[in-house]
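Below: start_20.txt (compact mmCIF, C-alpha atoms)
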```txt
# COMPACT_ATOMS: atom_id res chain seq x y z
CA MET A 1 -31.67 53.10 287.74
CA GLU A 2 -28.38 53.11 285.91
CA LEU A 3 -26.70 55.84 283.94
CA VAL A 4 -24.38 55.34 280.97
CA ILE A 5 -22.61 58.42 279.68
CA GLY A 6 -19.87 59.14 277.17
CA GLY A 7 -19.06 61.06 274.02
CA ARG A 8 -20.74 60.62 270.69
CA ALA A 9 -19.99 57.40 268.76
CA GLN A 10 -18.29 55.65 271.70
CA GLY A 11 -20.42 52.49 271.68
CA LYS A 12 -22.64 53.29 274.69
CA LEU A 13 -25.75 51.46 273.49
CA GLU A 14 -23.77 48.37 272.48
CA TYR A 15 -22.11 48.43 275.90
CA ALA A 16 -25.43 48.73 277.72
CA LYS A 17 -27.01 45.93 275.68
CA LYS A 18 -24.05 43.62 276.26
CA ASN A 19 -24.25 44.19 279.99
CA MET A 20 -27.99 43.76 280.45
CA ALA A 21 -28.75 41.07 283.03
CA ASN A 22 -31.97 40.23 281.25
CA GLN A 23 -31.69 39.91 277.47
CA ASN A 24 -35.40 40.72 277.12
CA TYR A 25 -35.47 44.47 276.95
CA LYS A 26 -36.84 47.31 274.91
CA VAL A 27 -34.79 50.27 273.64
CA LEU A 28 -36.57 53.62 273.70
CA ASP A 29 -35.15 56.60 271.84
CA GLY A 30 -35.06 60.01 273.50
CA GLN A 31 -36.03 61.62 270.21
CA ASP A 32 -39.50 60.13 270.08
CA VAL A 33 -40.15 58.47 273.43
CA ASP A 34 -43.65 58.82 274.85
CA PHE A 35 -43.66 58.61 278.64
CA SER A 36 -47.44 58.42 278.82
CA LYS A 37 -47.34 54.94 277.23
CA ASP A 38 -47.63 51.93 279.51
CA TYR A 39 -44.51 49.76 279.27
CA GLY A 40 -45.63 47.44 282.02
CA GLU A 41 -42.83 45.52 283.69
CA GLU A 42 -40.53 45.47 280.65
CA SER A 43 -36.80 46.13 281.09
CA LEU A 44 -36.08 49.44 279.42
CA ILE A 45 -33.06 51.23 277.98
CA LEU A 46 -33.63 54.90 277.27
CA ASN A 47 -31.11 55.83 274.57
CA HIS A 48 -30.22 59.39 273.44
CA PHE A 49 -31.53 60.87 276.68
CA HIS A 50 -29.84 64.21 275.83
CA LEU A 51 -32.08 64.45 272.77
CA PHE A 52 -35.14 63.97 274.97
CA ILE A 53 -34.01 66.91 277.11
CA ARG A 54 -33.37 68.99 274.00
CA LYS A 55 -36.76 68.21 272.51
CA ARG A 56 -38.67 68.87 275.74
CA ILE A 57 -36.92 72.21 276.33
CA LYS A 58 -37.89 73.23 272.78
CA GLU A 59 -41.47 72.16 273.38
CA GLY A 60 -41.63 74.04 276.67
CA GLY A 61 -41.83 70.83 278.71
CA ASN A 62 -40.27 69.93 282.02
CA PRO A 63 -37.73 67.18 281.25
CA GLU A 64 -36.38 67.22 284.82
CA LYS A 65 -39.75 66.29 286.32
CA GLU A 66 -40.81 64.02 283.46
CA ILE A 67 -37.78 61.76 283.72
CA LYS A 68 -38.08 61.52 287.49
CA ASP A 69 -41.73 60.48 287.19
CA PHE A 70 -40.75 57.91 284.58
CA ILE A 71 -37.95 56.52 286.76
CA SER A 72 -40.37 56.14 289.68
CA LYS A 73 -42.43 53.79 287.48
CA HIS A 74 -39.36 51.99 286.04
CA LYS A 75 -36.84 51.55 288.80
CA ASN A 76 -34.53 49.41 286.65
CA LEU A 77 -34.35 51.90 283.79
CA ILE A 78 -30.98 52.31 282.07
CA ILE A 79 -30.47 55.85 280.83
CA ILE A 80 -27.90 56.55 278.12
CA SER A 81 -26.79 60.10 277.42
CA ASP A 82 -24.10 61.78 275.38
CA GLU A 83 -21.56 63.86 277.23
CA ILE A 84 -22.19 67.27 275.63
CA GLY A 85 -20.42 69.63 278.01
CA ASN A 86 -16.80 69.41 276.91
CA GLY A 87 -16.64 72.10 274.27
CA ILE A 88 -16.63 75.87 274.02
CA VAL A 89 -19.58 77.83 275.41
CA PRO A 90 -22.18 78.10 272.63
CA ILE A 91 -23.05 81.60 271.37
CA ASP A 92 -26.71 80.68 270.99
CA SER A 93 -28.69 81.07 274.21
CA PHE A 94 -30.86 78.00 273.59
CA GLU A 95 -27.74 75.88 273.10
CA ARG A 96 -26.26 77.27 276.32
CA ASP A 97 -29.44 76.54 278.24
CA TYR A 98 -29.70 73.03 276.77
CA ARG A 99 -26.10 72.23 277.64
CA GLU A 100 -26.40 73.58 281.18
CA ARG A 101 -29.71 71.89 281.97
CA THR A 102 -28.48 68.59 280.55
CA GLY A 103 -25.35 68.75 282.71
CA ARG A 104 -27.30 69.64 285.86
CA LEU A 105 -29.91 66.95 285.29
CA LEU A 106 -27.26 64.29 284.65
CA ILE A 107 -25.59 65.23 287.96
CA GLU A 108 -28.88 64.68 289.79
CA LEU A 109 -29.52 61.40 288.02
CA ALA A 110 -25.98 60.24 288.74
CA LYS A 111 -26.59 60.91 292.44
CA GLU A 112 -29.71 58.74 292.40
CA ALA A 113 -28.26 56.05 290.15
CA ASP A 114 -27.19 52.67 291.52
CA LYS A 115 -24.38 52.63 288.99
CA VAL A 116 -22.81 55.15 286.62
CA THR A 117 -20.63 54.01 283.73
CA ARG A 118 -18.59 56.16 281.39
CA VAL A 119 -18.01 54.54 277.99
CA PHE A 120 -14.89 55.62 276.14
CA CYS A 121 -13.70 53.91 272.93
CA GLY A 122 -16.21 51.14 273.62
CA ILE A 123 -14.75 50.43 277.06
CA GLY A 124 -16.85 50.98 280.16
CA GLN A 125 -15.38 52.58 283.27
CA VAL A 126 -17.64 52.29 286.27
CA ILE A 127 -17.35 55.69 287.96
CA LYS A 128 -20.01 55.06 290.59
CA MET B 1 0.94 44.71 269.75
CA VAL B 2 -1.17 47.82 269.42
CA THR B 3 -1.38 50.66 271.96
CA LEU B 4 -4.00 53.38 271.65
CA ILE B 5 -3.22 56.76 273.20
CA ILE B 6 -6.05 59.25 273.15
CA GLY B 7 -6.69 62.73 274.51
CA GLY B 8 -8.22 66.10 273.78
CA SER B 9 -6.45 68.92 271.98
CA GLY B 10 -3.54 70.23 274.00
CA SER B 11 -3.77 67.30 276.43
CA GLY B 12 -0.12 66.34 275.96
CA LYS B 13 -1.00 63.08 274.20
CA SER B 14 1.74 63.45 271.55
CA ALA B 15 4.53 64.08 274.05
CA TYR B 16 3.28 61.21 276.18
CA ALA B 17 3.09 58.88 273.15
CA GLU B 18 6.66 59.74 272.14
CA GLU B 19 7.90 59.06 275.63
CA TYR B 20 5.91 55.82 275.72
CA ILE B 21 7.39 54.41 272.52
CA CYS B 22 10.91 55.55 273.43
CA LYS B 23 10.64 53.57 276.65
CA LYS B 24 9.32 50.58 274.78
CA ALA B 25 11.93 50.61 272.02
CA GLY B 26 14.85 51.26 274.37
CA LYS B 27 17.96 51.76 272.24
CA ASN B 28 16.24 50.67 269.04
CA SER B 29 15.28 53.22 266.44
CA LYS B 30 11.59 53.72 265.76
CA TYR B 31 9.38 55.03 263.01
CA TYR B 32 7.25 58.10 263.24
CA ILE B 33 4.42 57.74 260.76
CA ALA B 34 3.21 61.29 260.22
CA THR B 35 -0.27 61.60 258.73
CA MET B 36 -0.65 65.38 258.54
CA LYS B 37 -0.70 66.91 255.07
CA ALA B 38 1.44 70.03 254.77
CA THR B 39 -0.99 72.17 252.83
CA ASP B 40 -0.76 75.64 254.37
CA LYS B 41 1.38 77.69 256.72
CA GLU B 42 -0.49 76.59 259.82
CA SER B 43 -0.02 72.88 259.10
CA LYS B 44 3.63 73.46 258.11
CA ASP B 45 4.26 75.30 261.41
CA ARG B 46 2.57 72.50 263.31
CA ILE B 47 4.67 69.86 261.58
CA GLU B 48 7.79 71.91 262.38
CA LYS B 49 6.78 72.18 266.04
CA HIS B 50 6.33 68.40 266.27
CA ARG B 51 9.62 67.77 264.42
CA ASN B 52 11.40 69.95 266.97
CA MET B 53 9.68 68.20 269.86
CA ARG B 54 11.05 64.84 268.77
CA LYS B 55 14.37 65.87 267.19
CA ASP B 56 16.53 64.27 269.89
CA LYS B 57 14.48 61.12 270.15
CA CYS B 58 15.90 59.17 267.15
CA PHE B 59 12.74 58.82 265.11
CA ILE B 60 12.78 57.91 261.43
CA THR B 61 9.94 59.95 259.94
CA ILE B 62 7.69 58.50 257.27
CA GLU B 63 5.18 60.98 255.86
CA ARG B 64 2.08 59.05 254.99
CA PRO B 65 -1.18 61.00 254.82
CA VAL B 66 -3.19 58.09 253.30
CA ASN B 67 -2.94 54.34 252.62
CA ILE B 68 -0.87 53.27 255.60
CA GLY B 69 -1.76 49.66 254.75
CA GLY B 70 0.43 50.09 251.67
CA LEU B 71 3.60 50.38 253.74
CA ALA B 72 5.61 47.30 252.80
CA ARG B 73 8.04 45.34 254.95
CA GLU B 74 10.89 46.97 252.99
CA ASP B 75 9.60 50.38 254.07
CA LEU B 76 9.81 49.21 257.67
CA ALA B 77 13.16 47.40 257.51
CA ASP B 78 14.97 49.53 260.11
CA SER B 79 12.72 49.08 263.11
CA SER B 80 9.80 47.08 264.40
CA TYR B 81 8.46 49.99 266.48
CA ALA B 82 6.24 52.71 265.08
CA LEU B 83 4.26 55.64 266.36
CA LEU B 84 1.35 56.72 264.19
CA GLU B 85 0.51 60.39 264.71
CA CYS B 86 -2.38 60.78 264.38
CA MET B 87 -5.60 58.94 263.59
CA SER B 88 -7.74 62.09 263.33
CA ASN B 89 -5.69 63.38 260.39
CA LEU B 90 -5.60 60.00 258.72
CA VAL B 91 -9.39 59.66 258.90
CA ALA B 92 -9.87 63.16 257.44
CA ASN B 93 -7.36 62.47 254.66
CA GLU B 94 -8.97 59.17 253.71
CA MET B 95 -12.52 60.49 253.95
CA PHE B 96 -11.98 63.67 251.94
CA LEU B 97 -9.42 62.30 249.47
CA ASP B 98 -11.67 62.49 246.42
CA SER B 99 -14.08 65.23 245.38
CA GLU B 100 -16.91 63.17 246.87
CA PRO B 101 -16.37 62.36 250.59
CA LYS B 102 -16.49 58.66 251.47
CA PRO B 103 -19.17 57.38 253.87
CA ALA B 104 -18.04 56.60 257.43
CA ALA B 105 -18.54 52.84 257.02
CA THR B 106 -16.17 52.69 254.02
CA VAL B 107 -13.47 54.70 255.80
CA VAL B 108 -13.77 52.61 258.99
CA GLU B 109 -13.43 49.35 257.07
CA GLN B 110 -10.45 50.61 255.06
CA ILE B 111 -8.52 52.05 257.99
CA VAL B 112 -9.11 49.09 260.30
CA LYS B 113 -7.82 46.79 257.53
CA ASP B 114 -4.80 49.08 257.02
CA ILE B 115 -3.99 49.17 260.72
CA LYS B 116 -4.18 45.39 261.00
CA ALA B 117 -1.81 45.07 258.01
CA LEU B 118 0.59 47.61 259.47
CA ALA B 119 0.52 46.10 262.96
CA SER B 120 1.29 42.64 261.53
CA LYS B 121 4.61 44.00 260.21
CA LEU B 122 5.67 45.47 263.56
CA ASP B 123 6.31 44.35 267.12
CA SER B 124 4.74 47.46 268.52
CA LEU B 125 2.43 50.01 266.94
CA VAL B 126 1.44 53.01 269.04
CA ILE B 127 -1.49 55.02 267.67
CA VAL B 128 -2.38 58.53 268.76
CA SER B 129 -6.03 59.52 268.45
CA ASN B 130 -8.19 62.41 269.41
CA ASN B 131 -11.16 62.84 271.73
CA ILE B 132 -13.52 65.06 269.70
CA PHE B 133 -16.77 63.51 270.86
CA GLU B 134 -17.96 65.47 273.85
CA ASP B 135 -19.03 68.94 272.73
CA GLY B 136 -22.63 68.04 271.87
CA ILE B 137 -22.70 70.29 268.81
CA GLU B 138 -24.71 69.20 265.75
CA TYR B 139 -22.40 69.82 262.80
CA ASP B 140 -23.07 69.49 259.06
CA HIS B 141 -23.56 66.02 257.56
CA TYR B 142 -19.94 65.44 256.55
CA SER B 143 -18.53 66.52 259.91
CA MET B 144 -20.97 64.18 261.66
CA GLU B 145 -19.87 61.36 259.34
CA TYR B 146 -16.28 62.17 260.20
CA ILE B 147 -17.00 62.12 263.96
CA ARG B 148 -18.82 58.81 263.57
CA ALA B 149 -15.95 57.30 261.57
CA LEU B 150 -13.29 58.35 264.08
CA GLY B 151 -15.45 57.17 267.00
CA LEU B 152 -15.98 53.74 265.44
CA ILE B 153 -12.30 53.42 264.54
CA ASN B 154 -11.31 54.28 268.12
CA GLN B 155 -13.69 51.58 269.38
CA LYS B 156 -12.19 48.99 267.04
CA LEU B 157 -8.64 50.04 267.87
CA SER B 158 -9.33 49.86 271.59
CA ASP B 159 -10.76 46.39 271.06
CA MET B 160 -7.59 45.14 269.32
CA ALA B 161 -5.23 47.11 271.58
CA GLU B 162 -3.40 45.59 274.49
CA GLU B 163 -3.29 48.95 276.17
CA VAL B 164 -5.55 52.01 275.91
CA ILE B 165 -4.40 55.17 277.65
CA GLU B 166 -6.26 58.45 277.94
CA VAL B 167 -4.02 61.47 278.47
CA VAL B 168 -5.51 64.19 280.68
CA VAL B 169 -3.49 67.33 281.49
CA GLY B 170 -0.39 65.43 280.41
CA LEU B 171 -1.11 62.53 282.77
CA PRO B 172 -1.83 58.98 281.63
CA VAL B 173 -5.10 57.37 282.74
CA LYS B 174 -5.22 53.67 281.99
CA ILE B 175 -8.49 52.68 280.31
CA LYS B 176 -7.43 49.16 279.34
```

Would you mind giving the structure from this file in structure tokens?
Amino acid sequence: MELVIGGRAQGKLEYAKKNMANQNYKVLDGQDVDFSKDYGEESLILNHFHLFIRKRIKEGGNPEKEIKDFISKHKNLIIISDEIGNGIVPIDSFERDYRERTGRLLIELAKEADKVTRVFCGIGQVIK
Amino acid sequence: MVTLIIGGSGSGKSAYAEEYICKKAGKNSKYYIATMKATDKESKDRIEKHRNMRKDKCFITIERPVNIGGLAREDLADSSYALLECMSNLVANEMFLDSEPKPAATVVEQIVKDIKALASKLDSLVIVSNNIFEDGIEYDHYSMEYIRALGLINQKLSDMAEEVIEVVVGLPVKIK
């Protein structure tokens, strides 16, 4: 599994696509991804992962467990997430919880990842 | 050549960019293309603070809140070095110039064209931009369009730049 992180509008998806070893891949979107679907052996990019976390927290799901189960079925998954932690602490408790859980989960995924890339102004810096 | 210098607010990117271009230009004079509009006391104070910061550094200031592509060779006759401070103001000024804000795509196309035109008239153009992309907050439609426009412009600038430097706590981190 690989992780690609970076701020909004930095060109993360374009970067990930350009660097895919296999040009046959499918892009899933965190906003509407369905992990119960069978994707077989396809190469997968999971874009907007932060929005998946946000949605599943709202729905009372367990995004931490769900993504780990999904990764165990798709070992070559590339996960793309926005960096959302570099701002002031939100007043709203949901927003605080979302930001904190996203940060913590990304740390865990980064530990497991074979490679972590930060994309800034369209340029990738491999940080692990 | 184009250099992109980018950092968060209060990162020291402006001071670093001034130092950077001074080193590059040596004894030559250099332009300071200021994009901030002096509309209220806060912006006037900010402009004054930046003027003071650079007062001993031999800059020729050109105030240019929009249409930097319109700067002619005659306007740039005294130096081939320029520091553009900063892209985040320029994007806001271009986007919200008329009563109806322009879409991100239009602003990106316009500014990239303007920067290419400006850079072609100079030996060295140093552009300061802002990292406003990492707070994860969902703003209103126009703010999101603005963030998108600045993000895309930064990507295109970094692509054409020979050097991209992120400034963190006043220290330069080389990105490209």

Exercise for review: Would you give me, as a PyMOL selection string, the residues of chain B that come within 7 Å of chain A, using all atoms listed in the file?
Suggested key: chain B and resi 133-136+148+151-152+154-155+158

Applying 9 Å and only C-alpha atoms, which residues near region 60-69 of chain A remain after dropping the ones on its own chain fewer than 4 positions away? List them as a PDB file with C-alpha atoms, keeping the file's coordinate frame.
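What landed in part17.pdb:
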```pdb
ATOM      1  CA  PHE A  35     -43.660  58.610 278.640  1.00  0.00           C
ATOM      2  CA  PHE A  52     -35.140  63.970 274.970  1.00  0.00           C
ATOM      3  CA  ILE A  53     -34.010  66.910 277.110  1.00  0.00           C
ATOM      4  CA  ARG A  54     -33.370  68.990 274.000  1.00  0.00           C
ATOM      5  CA  LYS A  55     -36.760  68.210 272.510  1.00  0.00           C
ATOM      6  CA  ARG A  56     -38.670  68.870 275.740  1.00  0.00           C
ATOM      7  CA  LYS A  73     -42.430  53.790 287.480  1.00  0.00           C
ATOM      8  CA  HIS A  74     -39.360  51.990 286.040  1.00  0.00           C
ATOM      9  CA  ARG A 101     -29.710  71.890 281.970  1.00  0.00           C
ATOM     10  CA  LEU A 105     -29.910  66.950 285.290  1.00  0.00           C
ATOM     11  CA  LEU A 109     -29.520  61.400 288.020  1.00  0.00           C
TER      12      LEU A 109
END
```

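Taking CA of Glu85 (chain B) and CA of Ser143 (chain B) as the two end points, the separation is 20.6 Å.
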
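Ranking A:Asp92, A:Asp29, A:Asp114, A:Asp97 by their shortest atom-to-atom distance to Asn47 (chain A), with only C-alpha atoms included, puts A:Asp29 first.
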
Practice item. With a distance cut-off of 8 Å and all atoms listed in the file, select the neighbouring residues of Glu163 (chain B), excluding the residue or stretch itself and same-chain residues fewer than 2 positions from it, and output the selection as a ChimeraX atom specification. Key: /B:2-4,158,161,165,174-176

**Study point:** All residues 10 Å or closer to Leu106 (chain A), only C-alpha atoms, same chain fewer than 6 positions away omitted, as an MDAnalysis selection string
**Key:** chainID A and resid 3 5 49:50 64 79 81 83 100 112:113

Those residues you just picked out, can you put them in a file as an mmCIF file, in the frame of the given file with C-alpha atoms?
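And here's selection31.cif as it stands now:
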```cif
data_model
loop_
_atom_site.group_PDB
_atom_site.id
_atom_site.type_symbol
_atom_site.label_atom_id
_atom_site.label_comp_id
_atom_site.auth_asym_id
_atom_site.auth_seq_id
_atom_site.Cartn_x
_atom_site.Cartn_y
_atom_site.Cartn_z
ATOM 1 C CA LEU A 3 -26.700 55.840 283.940
ATOM 2 C CA ILE A 5 -22.610 58.420 279.680
ATOM 3 C CA PHE A 49 -31.530 60.870 276.680
ATOM 4 C CA HIS A 50 -29.840 64.210 275.830
ATOM 5 C CA GLU A 64 -36.380 67.220 284.820
ATOM 6 C CA ILE A 79 -30.470 55.850 280.830
ATOM 7 C CA SER A 81 -26.790 60.100 277.420
ATOM 8 C CA GLU A 83 -21.560 63.860 277.230
ATOM 9 C CA GLU A 100 -26.400 73.580 281.180
ATOM 10 C CA GLU A 112 -29.710 58.740 292.400
ATOM 11 C CA ALA A 113 -28.260 56.050 290.150
#
```

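Across the structure, CA of Leu90 (chain B) and CA of Ser120 (chain B) are spaced 18.9 Å apart.
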
**Study point:** All residues 7 Å or closer to region 35-39 of chain B, all atoms listed in the file, same chain fewer than 3 positions away omitted, as a list in words
**Key:**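 Returned residues: Ser43, Lys44, Glu63, Arg64, Pro65, Glu85, Cys86, Asn89 and Leu90 of chain B.
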
Check your understanding: In Å, with one decimal, what is the gap from CA of Gly30 (chain A) to CA of Lys18 (chain A)?
Key -> 19.9 Å

Exercise for review: Scan for residues within 9 Å of the point (2.5, 51.4, 262.1) in the coordinates of the file, using all atoms listed in the file, and reply as JSON, numbers by chain.
Suggested key: {"B": [2, 31, 32, 33, 68, 69, 71, 76, 80, 81, 82, 83, 84, 115, 117, 118, 119, 120, 121, 122, 124, 125, 126, 127]}

Point to revise | Contacts of Leu13 (chain A) at 9 Å (only C-alpha atoms; same-chain gap of 6+ positions) as a list of chain:residue names | key: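 Once the adjacent positions are removed, what remains is A:Val4, A:Ile45, A:Asn47, A:Ile80.
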
Incomplete region 63-91 of chain A brought to N, CA and C atoms, written out as a short mmCIF file (atom, residue, chain, number, x, y, z; two decimals), keeping the file's coordinate frame:
```cif
data_model
loop_
_atom_site.label_atom_id
_atom_site.label_comp_id
_atom_site.auth_asym_id
_atom_site.auth_seq_id
_atom_site.Cartn_x
_atom_site.Cartn_y
_atom_site.Cartn_z
N PRO A 63 -38.42 68.48 281.33
CA PRO A 63 -37.73 67.18 281.25
C PRO A 63 -37.25 66.68 282.61
N GLU A 64 -36.89 67.61 283.50
CA GLU A 64 -36.38 67.22 284.82
C GLU A 64 -37.45 66.41 285.59
N LYS A 65 -38.68 66.97 285.60
CA LYS A 65 -39.75 66.29 286.32
C LYS A 65 -40.21 65.04 285.58
N GLU A 66 -40.30 65.14 284.26
CA GLU A 66 -40.81 64.02 283.46
C GLU A 66 -39.95 62.77 283.62
N ILE A 67 -38.64 62.94 283.61
CA ILE A 67 -37.78 61.76 283.72
C ILE A 67 -37.87 61.17 285.13
N LYS A 68 -37.99 62.05 286.12
CA LYS A 68 -38.08 61.52 287.49
C LYS A 68 -39.36 60.72 287.68
N ASP A 69 -40.47 61.23 287.12
CA ASP A 69 -41.73 60.48 287.19
C ASP A 69 -41.60 59.13 286.49
N PHE A 70 -40.91 59.14 285.35
CA PHE A 70 -40.75 57.91 284.58
C PHE A 70 -39.89 56.90 285.35
N ILE A 71 -38.83 57.41 285.97
CA ILE A 71 -37.95 56.52 286.76
C ILE A 71 -38.73 55.89 287.93
N SER A 72 -39.62 56.69 288.54
CA SER A 72 -40.37 56.14 289.68
C SER A 72 -41.26 54.97 289.26
N LYS A 73 -41.63 54.92 287.97
CA LYS A 73 -42.43 53.79 287.48
C LYS A 73 -41.54 52.64 286.98
N HIS A 74 -40.29 52.99 286.61
CA HIS A 74 -39.36 51.99 286.04
C HIS A 74 -38.04 52.07 286.77
N LYS A 75 -38.00 51.43 287.91
CA LYS A 75 -36.84 51.55 288.80
C LYS A 75 -35.56 50.96 288.21
N ASN A 76 -35.72 50.03 287.23
CA ASN A 76 -34.53 49.41 286.65
C ASN A 76 -34.13 50.04 285.32
N LEU A 77 -34.64 51.22 285.06
CA LEU A 77 -34.35 51.90 283.79
C LEU A 77 -32.85 52.14 283.63
N ILE A 78 -32.36 51.94 282.39
CA ILE A 78 -30.98 52.31 282.07
C ILE A 78 -31.04 53.53 281.16
N ILE A 79 -30.44 54.60 281.60
CA ILE A 79 -30.47 55.85 280.83
C ILE A 79 -29.12 56.04 280.16
N ILE A 80 -29.14 56.30 278.86
CA ILE A 80 -27.90 56.55 278.12
C ILE A 80 -27.91 57.99 277.61
N SER A 81 -26.87 58.72 277.90
CA SER A 81 -26.79 60.10 277.42
C SER A 81 -25.41 60.41 276.87
N ASP A 82 -25.38 61.25 275.85
CA ASP A 82 -24.10 61.78 275.38
C ASP A 82 -23.56 62.75 276.40
N GLU A 83 -22.24 62.77 276.52
CA GLU A 83 -21.56 63.86 277.23
C GLU A 83 -21.54 65.03 276.24
N ILE A 84 -22.13 66.17 276.60
CA ILE A 84 -22.19 67.27 275.63
C ILE A 84 -21.51 68.52 276.17
N GLY A 85 -20.91 68.43 277.33
CA GLY A 85 -20.42 69.63 278.01
C GLY A 85 -18.96 70.00 277.75
N ASN A 86 -18.23 69.14 277.04
CA ASN A 86 -16.80 69.41 276.91
C ASN A 86 -16.44 70.11 275.60
N GLY A 87 -16.95 71.31 275.46
CA GLY A 87 -16.64 72.10 274.27
C GLY A 87 -16.65 73.56 274.67
N ILE A 88 -16.56 74.45 273.68
CA ILE A 88 -16.63 75.87 274.02
C ILE A 88 -18.08 76.28 274.31
N VAL A 89 -18.23 77.35 275.06
CA VAL A 89 -19.58 77.83 275.41
C VAL A 89 -20.29 78.28 274.14
N PRO A 90 -21.48 77.72 273.87
CA PRO A 90 -22.18 78.10 272.63
C PRO A 90 -22.64 79.57 272.65
N ILE A 91 -22.61 80.19 271.49
CA ILE A 91 -23.05 81.60 271.37
C ILE A 91 -24.56 81.69 271.54
#
```
